[in-house]
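Taking it in order: structure first as structure tokens, then the write-up.
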Amino acid sequence: DTGVSQDPRHKITKRGQNVTFRCDPISEHNRLYWYRQTLGQGPEFLTYFQNEAQLEKSRLLSDRFSAERPKGSFSTLEIQRTEQGDSAMYLCASSLTGGRAGEQYFGPGTRLTVT
Amino acid sequence: QKEVEQDPGPLSVPEGAIVSLNCTYSNSAFQYFMWYRQYSRKGPELLMYTYSSGNKEDGRFTAQVDKSSKYISLFIRDSQPSDSATYLCAILTSGTYKYIFGTGTRLKVLA
């Protein structure tokens, strides 16, 4: 399978714990996005990478959230001191510079439950 | 006011019906307009995109943009049970990468 992969698919954690998610984009894609989606809502933009540079970050992203893409390939999203409001699906998407606007390829998501 | 408004549905139609899905947006700076389809427990997939007012057709799908009214639509002709999914509109401003999604409309096509 050469699509976007995310790991883990499900994560249950206790409030106050730190969690880290991984995204592996399509191999030649240089653009990578993270989104958060709660039930009944559309994806909410969190951050964007072009290669290893984090070029855009939502103002909604608190200091507890950090994302990296160290070698311009896979990316990690870390949430520190999780809160119940962080429970959501975290989606990763990738695309190629020069591709059609909006042509992002989404992964299956990581579902986070904070108890 | 949300930047993008979309009726969450659910919308139930019989097989073969024409479906009309709509979004309104508030910022006239938005330039790119997309429709995504999301099946349950999957990530969204791009269906249509356009950057100008008017219609764009792809098979059974037609995307329509009216920039003067800040209104975008997706029409599905000859709807099939396999079209049952959530349909998300999304908008992008040129020069940024912050895609703004609507809440999604849940569609059910009854066989």
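The chains in the structure tokens are called A, B, ... from first to last as shown; in each chain the residues are counted from 1, and the ligands are counted from 1 in the order shown.
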
I need the contact residues of chain B against chain A, so if you could list those with any atom within 8 Å, counting only C-alpha atoms, and return them as a short mmCIF file (atom, residue, chain, number, x, y, z; two decimals) with N, CA, C and O atoms, in the first residue's frame, that would help.
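The new file selection.cif reads:
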data_model
loop_
_atom_site.label_atom_id
_atom_site.label_comp_id
_atom_site.auth_asym_id
_atom_site.auth_seq_id
_atom_site.Cartn_x
_atom_site.Cartn_y
_atom_site.Cartn_z
N PRO B 8 -25.40 20.32 8.22
CA PRO B 8 -24.88 18.99 8.56
C PRO B 8 -25.76 17.83 8.13
O PRO B 8 -25.33 16.67 8.16
N TYR B 32 -9.86 29.16 -3.81
CA TYR B 32 -9.95 27.78 -4.27
C TYR B 32 -11.05 27.08 -3.49
O TYR B 32 -11.16 27.23 -2.28
N PHE B 33 -11.84 26.31 -4.20
CA PHE B 33 -13.03 25.69 -3.60
C PHE B 33 -13.01 24.21 -3.92
O PHE B 33 -12.88 23.82 -5.09
N MET B 34 -13.13 23.39 -2.88
CA MET B 34 -13.02 21.95 -3.05
C MET B 34 -14.21 21.24 -2.43
O MET B 34 -14.84 21.76 -1.49
N ARG B 41 -15.08 6.28 9.10
CA ARG B 41 -13.79 5.77 9.60
C ARG B 41 -12.67 5.83 8.56
O ARG B 41 -11.70 5.07 8.62
N LYS B 42 -12.81 6.72 7.58
CA LYS B 42 -11.76 6.92 6.58
C LYS B 42 -11.40 8.39 6.53
O LYS B 42 -12.14 9.25 7.00
N GLY B 43 -10.24 8.69 5.93
CA GLY B 43 -9.90 10.08 5.69
C GLY B 43 -10.66 10.63 4.49
O GLY B 43 -11.13 9.87 3.64
N PRO B 44 -10.81 11.94 4.38
CA PRO B 44 -11.49 12.53 3.23
C PRO B 44 -10.72 12.27 1.93
O PRO B 44 -9.50 12.12 1.94
N GLU B 45 -11.45 12.25 0.81
CA GLU B 45 -10.81 12.14 -0.50
C GLU B 45 -11.36 13.25 -1.39
O GLU B 45 -12.56 13.56 -1.36
N LEU B 46 -10.49 13.84 -2.19
CA LEU B 46 -10.89 14.96 -3.04
C LEU B 46 -11.78 14.49 -4.18
O LEU B 46 -11.46 13.55 -4.90
N TYR B 49 -12.44 20.24 -7.52
CA TYR B 49 -11.91 21.52 -7.08
C TYR B 49 -12.12 22.54 -8.20
O TYR B 49 -12.17 22.19 -9.37
N LEU B 88 -17.78 17.13 2.38
CA LEU B 88 -17.18 18.30 3.00
C LEU B 88 -16.80 19.31 1.95
O LEU B 88 -16.12 18.97 0.97
N THR B 96 -1.64 30.74 1.03
CA THR B 96 -1.63 30.07 2.33
C THR B 96 -1.88 28.58 2.11
O THR B 96 -2.25 28.15 1.02
N TYR B 97 -1.71 27.82 3.14
CA TYR B 97 -1.94 26.38 3.08
C TYR B 97 -2.97 25.95 4.12
O TYR B 97 -3.12 24.78 4.39
N LYS B 98 -3.67 26.93 4.69
CA LYS B 98 -4.65 26.64 5.72
C LYS B 98 -6.00 26.36 5.07
O LYS B 98 -6.76 27.28 4.76
N TYR B 99 -6.28 25.09 4.84
CA TYR B 99 -7.57 24.70 4.29
C TYR B 99 -8.63 24.84 5.37
O TYR B 99 -8.42 24.41 6.50
N ILE B 100 -9.76 25.42 5.01
CA ILE B 100 -10.87 25.59 5.95
C ILE B 100 -12.01 24.72 5.46
O ILE B 100 -12.49 24.91 4.33
N PHE B 101 -12.42 23.79 6.31
CA PHE B 101 -13.45 22.84 5.94
C PHE B 101 -14.78 23.23 6.55
O PHE B 101 -14.85 23.79 7.66
N GLY B 102 -15.87 22.90 5.84
CA GLY B 102 -17.19 22.98 6.43
C GLY B 102 -17.39 21.80 7.38
O GLY B 102 -16.54 20.92 7.50
N THR B 103 -18.55 21.79 8.04
CA THR B 103 -18.82 20.73 9.01
C THR B 103 -19.11 19.39 8.34
O THR B 103 -19.02 18.35 8.97
N GLY B 104 -19.46 19.45 7.04
CA GLY B 104 -19.82 18.21 6.34
C GLY B 104 -21.32 17.97 6.36
O GLY B 104 -21.99 18.28 7.35
#

As an mmCIF file with N, CA, C and O atoms, in the first residue's frame, please: the residues near Ala17 of chain B (cut-off 6 Å, only C-alpha atoms, same-chain neighbours under 3 positions excluded).
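Written output follows (part_13.cif):
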data_model
loop_
_atom_site.group_PDB
_atom_site.id
_atom_site.type_symbol
_atom_site.label_atom_id
_atom_site.label_comp_id
_atom_site.auth_asym_id
_atom_site.auth_seq_id
_atom_site.Cartn_x
_atom_site.Cartn_y
_atom_site.Cartn_z
ATOM 1 N N PRO B 14 -33.745 8.910 -2.381
ATOM 2 C CA PRO B 14 -33.863 7.601 -3.028
ATOM 3 C C PRO B 14 -32.810 7.459 -4.122
ATOM 4 O O PRO B 14 -32.340 8.456 -4.701
ATOM 5 N N ASP B 78 -28.007 11.003 -10.640
ATOM 6 C CA ASP B 78 -28.192 9.549 -10.603
ATOM 7 C C ASP B 78 -27.503 8.962 -9.361
ATOM 8 O O ASP B 78 -26.624 8.093 -9.456
ATOM 9 N N SER B 79 -27.872 9.448 -8.214
ATOM 10 C CA SER B 79 -27.195 9.054 -6.969
ATOM 11 C C SER B 79 -27.328 7.548 -6.735
ATOM 12 O O SER B 79 -28.345 6.924 -7.082
#

Atomic separation - atom CA of Leu21 of chain B relative to atom CA of Thr105 of chain B, Å: 7.4 Å

For segment 22-30 of chain B: contacts at 7 Å, only C-alpha atoms, fewer than 5 positions along chain excluded, given as number ranges by chain: B: 3-6, 70-74, 89, 91-93

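Checking A:Leu61, A:Lys71, A:Gly98, A:Glu83 one by one against Thr113 of chain A, counting only C-alpha atoms, you find the shortest gap at A:Glu83.
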
d(atom CA of Leu11 of chain B, atom CA of Arg106 of chain B) in Å: 6.2 Å

Strand (DSSP E or B) per DSSP on the backbone: members of chain A, as JSON, numbers by chain: {"A": [5, 6, 7, 10, 11, 12, 13, 19, 20, 21, 22, 23, 24, 31, 32, 33, 34, 35, 36, 37, 44, 45, 46, 47, 48, 49, 50, 53, 54, 55, 56, 57, 65, 66, 67, 68, 75, 76, 77, 78, 79, 88, 89, 90, 91, 92, 93, 94, 95, 105, 106, 110, 111, 112, 113, 114]}

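If only C-alpha atoms are the atoms counted, then among A:Gly3, A:Gly16, A:Pro25, A:Pro70 the closest residue to Asp86 of chain A is A:Gly16.
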
Residue contacts of Asp63 of chain A (12 Å, only C-alpha atoms) excluding same-chain residues fewer than 6 positions away, as a ChimeraX atom specification: /A:57,78-82

Go ahead and dump the residues you just picked, N, CA, C and O atoms, as an mmCIF file, in the first residue's frame.
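Here's the written file again36.cif:
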data_model
loop_
_atom_site.group_PDB
_atom_site.id
_atom_site.type_symbol
_atom_site.label_atom_id
_atom_site.label_comp_id
_atom_site.auth_asym_id
_atom_site.auth_seq_id
_atom_site.Cartn_x
_atom_site.Cartn_y
_atom_site.Cartn_z
ATOM 1 N N LYS A 57 1.051 27.356 11.005
ATOM 2 C CA LYS A 57 0.569 26.725 12.228
ATOM 3 C C LYS A 57 -0.683 27.460 12.672
ATOM 4 O O LYS A 57 -0.701 28.691 12.698
ATOM 5 N N GLU A 78 3.013 15.607 18.670
ATOM 6 C CA GLU A 78 3.016 15.297 20.085
ATOM 7 C C GLU A 78 2.042 16.204 20.812
ATOM 8 O O GLU A 78 1.991 17.417 20.538
ATOM 9 N N ILE A 79 1.298 15.619 21.717
ATOM 10 C CA ILE A 79 0.429 16.401 22.599
ATOM 11 C C ILE A 79 0.899 16.163 24.023
ATOM 12 O O ILE A 79 0.956 15.023 24.497
ATOM 13 N N GLN A 80 1.253 17.223 24.694
ATOM 14 C CA GLN A 80 1.701 17.109 26.087
ATOM 15 C C GLN A 80 0.538 17.406 27.026
ATOM 16 O O GLN A 80 -0.365 18.181 26.708
ATOM 17 N N ARG A 81 0.578 16.762 28.178
ATOM 18 C CA ARG A 81 -0.432 17.015 29.237
ATOM 19 C C ARG A 81 -1.829 16.979 28.641
ATOM 20 O O ARG A 81 -2.585 17.949 28.693
ATOM 21 N N THR A 82 -2.199 15.848 28.076
ATOM 22 C CA THR A 82 -3.469 15.728 27.370
ATOM 23 C C THR A 82 -4.648 16.101 28.273
ATOM 24 O O THR A 82 -4.635 15.885 29.490
#

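Note that atom CA of Leu96 of chain A and atom CA of Gly59 of chain B are 24.8 Å apart.
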
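Excluding Phe21 of chain A itself and same-chain residues fewer than 5 positions from it, the residues having an atom within 8 Å of it are A:Gln6, A:Asp7, A:Pro8, A:Thr76, A:Leu77, A:Glu78, A:Thr110, counting only C-alpha atoms.
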
With N, CA, C and O atoms retained, could you export that selection as an mmCIF file, in the first residue's frame?
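And here is the file that came out, out_9.cif:
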data_model
loop_
_atom_site.group_PDB
_atom_site.id
_atom_site.type_symbol
_atom_site.label_atom_id
_atom_site.label_comp_id
_atom_site.auth_asym_id
_atom_site.auth_seq_id
_atom_site.Cartn_x
_atom_site.Cartn_y
_atom_site.Cartn_z
ATOM 1 N N GLN A 6 -0.741 6.097 9.100
ATOM 2 C CA GLN A 6 -0.668 6.744 10.403
ATOM 3 C C GLN A 6 -0.614 5.667 11.487
ATOM 4 O O GLN A 6 -1.230 4.618 11.361
ATOM 5 N N ASP A 7 0.132 5.990 12.530
ATOM 6 C CA ASP A 7 0.305 5.020 13.590
ATOM 7 C C ASP A 7 0.383 5.747 14.938
ATOM 8 O O ASP A 7 1.056 6.775 15.029
ATOM 9 N N PRO A 8 -0.322 5.279 15.976
ATOM 10 C CA PRO A 8 -1.247 4.151 15.948
ATOM 11 C C PRO A 8 -2.590 4.551 15.336
ATOM 12 O O PRO A 8 -2.815 5.730 15.073
ATOM 13 N N THR A 76 5.852 13.644 13.107
ATOM 14 C CA THR A 76 5.253 13.290 14.391
ATOM 15 C C THR A 76 4.477 14.474 14.944
ATOM 16 O O THR A 76 4.853 15.627 14.737
ATOM 17 N N LEU A 77 3.391 14.167 15.621
ATOM 18 C CA LEU A 77 2.591 15.163 16.328
ATOM 19 C C LEU A 77 2.550 14.735 17.786
ATOM 20 O O LEU A 77 2.140 13.617 18.096
ATOM 21 N N GLU A 78 3.013 15.607 18.670
ATOM 22 C CA GLU A 78 3.016 15.297 20.085
ATOM 23 C C GLU A 78 2.042 16.204 20.812
ATOM 24 O O GLU A 78 1.991 17.417 20.538
ATOM 25 N N THR A 110 -5.611 8.852 13.368
ATOM 26 C CA THR A 110 -5.385 8.259 14.688
ATOM 27 C C THR A 110 -6.489 8.768 15.599
ATOM 28 O O THR A 110 -6.637 9.990 15.774
#

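With only C-alpha atoms as the basis for measurement, B:Trp35 is the residue among B:Ser84, B:Glu15, B:Trp35, B:Leu110 that approaches Lys56 of chain B most closely.
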
Counting only C-alpha atoms, the residue of A:Gly85, A:Cys23, A:Arg9, A:His29 that sits nearest Glu68 of chain A: A:Cys23

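When only C-alpha atoms are used to compute distances to Thr97 of chain A, the closest of the residues A:Gln54, A:Asn30, A:Ser73, A:Gln17 turns out to be A:Asn30.
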